[in-house]
Amino acid sequence: MSDDKDETQQRLKAAIHFTVGRLCQKTGEDHRRGFSRQAVAAIAETAFRQCDVFAKDLEAFARHAKRSTVTSEDVKLIARRSTALSIHIQNKTEELNQEKKSTGKRKSRDTEEESKE
């Protein structure tokens, strides 16, 4: 089981490293700057470690609330120290809630129409 966990962790690290590399390349092109391989690796490692901290905190928040599922409220709590991230998450949450409401209304209308037939 430890081998599976290590393999999964290595795959996640590789995916993060790849994504960070692409983001650095794009940012470098936009600003006419370059990123060394060491800088990309350092950013990727920092991002991976931060994600690990976030995941552990999210689990702790859910467990503290006596839940087995992490909710958007837990994510909002994680983001509270970053104003920009907090606003972004709040906007996304509202957007998803609006989509749920509009989908729910469509489903109820469809159900009503089917029952009339």
# chains A, B, ... in the order shown; residues from 1 in each chain; ligands from 1
>>> residues_around(residues="segment 60-65 of chain A", least_positions_apart="5", cutoff="9 Å", atoms="only C-alpha atoms", output="list in words")
Ala55, Val70, Thr71, Asp74 and Leu77 of chain A
>>> closest_residue(among="A:Lys13, A:Gln50, A:Ser2, A:Ser72", to="Asn97 of chain A", atoms="only C-alpha atoms")
A:Ser72
>>> atom_distance(atom1="atom CA of Cys51 of chain A", atom2="atom CA of Ala14 of chain A")
13.8 Å
>>> decode(residues="segment 48-117 of chain A", atoms="C-alpha atoms", output="PDB file, in the first residue's frame")
ATOM      1  CA  PHE A  48       2.893  20.659  -3.817  1.00  0.00           C
ATOM      2  CA  ARG A  49       3.677  21.213  -0.145  1.00  0.00           C
ATOM      3  CA  GLN A  50       1.032  23.943   0.140  1.00  0.00           C
ATOM      4  CA  CYS A  51      -1.569  21.645  -1.422  1.00  0.00           C
ATOM      5  CA  ASP A  52      -0.613  18.971   1.111  1.00  0.00           C
ATOM      6  CA  VAL A  53      -1.099  21.451   3.959  1.00  0.00           C
ATOM      7  CA  PHE A  54      -4.451  22.530   2.493  1.00  0.00           C
ATOM      8  CA  ALA A  55      -5.611  18.917   2.174  1.00  0.00           C
ATOM      9  CA  LYS A  56      -4.724  18.129   5.783  1.00  0.00           C
ATOM     10  CA  ASP A  57      -6.410  21.312   7.002  1.00  0.00           C
ATOM     11  CA  LEU A  58      -9.544  20.569   4.981  1.00  0.00           C
ATOM     12  CA  GLU A  59      -9.740  17.085   6.481  1.00  0.00           C
ATOM     13  CA  ALA A  60      -9.302  18.558   9.959  1.00  0.00           C
ATOM     14  CA  PHE A  61     -12.041  21.154   9.386  1.00  0.00           C
ATOM     15  CA  ALA A  62     -14.486  18.490   8.197  1.00  0.00           C
ATOM     16  CA  ARG A  63     -13.568  16.169  11.072  1.00  0.00           C
ATOM     17  CA  HIS A  64     -13.983  19.036  13.578  1.00  0.00           C
ATOM     18  CA  ALA A  65     -17.495  19.603  12.213  1.00  0.00           C
ATOM     19  CA  LYS A  66     -18.138  15.844  12.611  1.00  0.00           C
ATOM     20  CA  ARG A  67     -18.438  15.359   8.852  1.00  0.00           C
ATOM     21  CA  SER A  68     -16.741  12.867   6.586  1.00  0.00           C
ATOM     22  CA  THR A  69     -17.069  15.142   3.552  1.00  0.00           C
ATOM     23  CA  VAL A  70     -15.198  18.367   2.873  1.00  0.00           C
ATOM     24  CA  THR A  71     -17.591  21.165   1.896  1.00  0.00           C
ATOM     25  CA  SER A  72     -17.246  24.516   0.168  1.00  0.00           C
ATOM     26  CA  GLU A  73     -17.437  26.143   3.601  1.00  0.00           C
ATOM     27  CA  ASP A  74     -14.219  24.320   4.557  1.00  0.00           C
ATOM     28  CA  VAL A  75     -12.565  25.600   1.388  1.00  0.00           C
ATOM     29  CA  LYS A  76     -13.694  29.143   2.172  1.00  0.00           C
ATOM     30  CA  LEU A  77     -12.167  28.778   5.620  1.00  0.00           C
ATOM     31  CA  ILE A  78      -8.829  27.722   4.077  1.00  0.00           C
ATOM     32  CA  ALA A  79      -8.865  30.761   1.768  1.00  0.00           C
ATOM     33  CA  ARG A  80      -9.665  33.316   4.466  1.00  0.00           C
ATOM     34  CA  ARG A  81      -6.074  34.622   4.648  1.00  0.00           C
ATOM     35  CA  SER A  82      -5.918  35.471   0.948  1.00  0.00           C
ATOM     36  CA  THR A  83      -8.428  38.160   0.044  1.00  0.00           C
ATOM     37  CA  ALA A  84      -8.173  37.567  -3.708  1.00  0.00           C
ATOM     38  CA  LEU A  85      -8.511  33.793  -3.340  1.00  0.00           C
ATOM     39  CA  SER A  86     -11.371  34.166  -0.882  1.00  0.00           C
ATOM     40  CA  ILE A  87     -13.273  36.451  -3.275  1.00  0.00           C
ATOM     41  CA  HIS A  88     -12.624  34.078  -6.183  1.00  0.00           C
ATOM     42  CA  ILE A  89     -13.887  31.073  -4.218  1.00  0.00           C
ATOM     43  CA  GLN A  90     -16.948  32.998  -3.023  1.00  0.00           C
ATOM     44  CA  ASN A  91     -17.779  33.989  -6.619  1.00  0.00           C
ATOM     45  CA  LYS A  92     -17.348  30.396  -7.836  1.00  0.00           C
ATOM     46  CA  THR A  93     -19.549  29.105  -5.031  1.00  0.00           C
ATOM     47  CA  GLU A  94     -22.291  31.580  -5.927  1.00  0.00           C
ATOM     48  CA  GLU A  95     -21.932  30.662  -9.610  1.00  0.00           C
ATOM     49  CA  LEU A  96     -22.309  26.954  -8.813  1.00  0.00           C
ATOM     50  CA  ASN A  97     -25.312  27.645  -6.583  1.00  0.00           C
ATOM     51  CA  GLN A  98     -26.957  29.612  -9.404  1.00  0.00           C
ATOM     52  CA  GLU A  99     -26.348  26.714 -11.795  1.00  0.00           C
ATOM     53  CA  LYS A 100     -27.905  24.283  -9.300  1.00  0.00           C
ATOM     54  CA  LYS A 101     -30.955  26.523  -8.922  1.00  0.00           C
ATOM     55  CA  SER A 102     -31.469  26.914 -12.667  1.00  0.00           C
ATOM     56  CA  THR A 103     -30.975  23.179 -13.239  1.00  0.00           C
ATOM     57  CA  GLY A 104     -33.424  22.415 -10.427  1.00  0.00           C
ATOM     58  CA  LYS A 105     -36.016  24.752 -11.947  1.00  0.00           C
ATOM     59  CA  ARG A 106     -35.620  23.096 -15.352  1.00  0.00           C
ATOM     60  CA  LYS A 107     -36.004  19.646 -13.826  1.00  0.00           C
ATOM     61  CA  SER A 108     -39.143  20.645 -11.933  1.00  0.00           C
ATOM     62  CA  ARG A 109     -40.638  22.208 -15.092  1.00  0.00           C
ATOM     63  CA  ASP A 110     -39.872  19.040 -17.064  1.00  0.00           C
ATOM     64  CA  THR A 111     -41.476  16.946 -14.346  1.00  0.00           C
ATOM     65  CA  GLU A 112     -44.581  19.179 -14.378  1.00  0.00           C
ATOM     66  CA  GLU A 113     -44.869  18.918 -18.165  1.00  0.00           C
ATOM     67  CA  GLU A 114     -44.504  15.138 -18.068  1.00  0.00           C
ATOM     68  CA  SER A 115     -47.209  14.833 -15.415  1.00  0.00           C
ATOM     69  CA  LYS A 116     -49.608  16.953 -17.524  1.00  0.00           C
ATOM     70  CA  GLU A 117     -49.215  14.552 -20.438  1.00  0.00           C
TER      71      GLU A 117
END
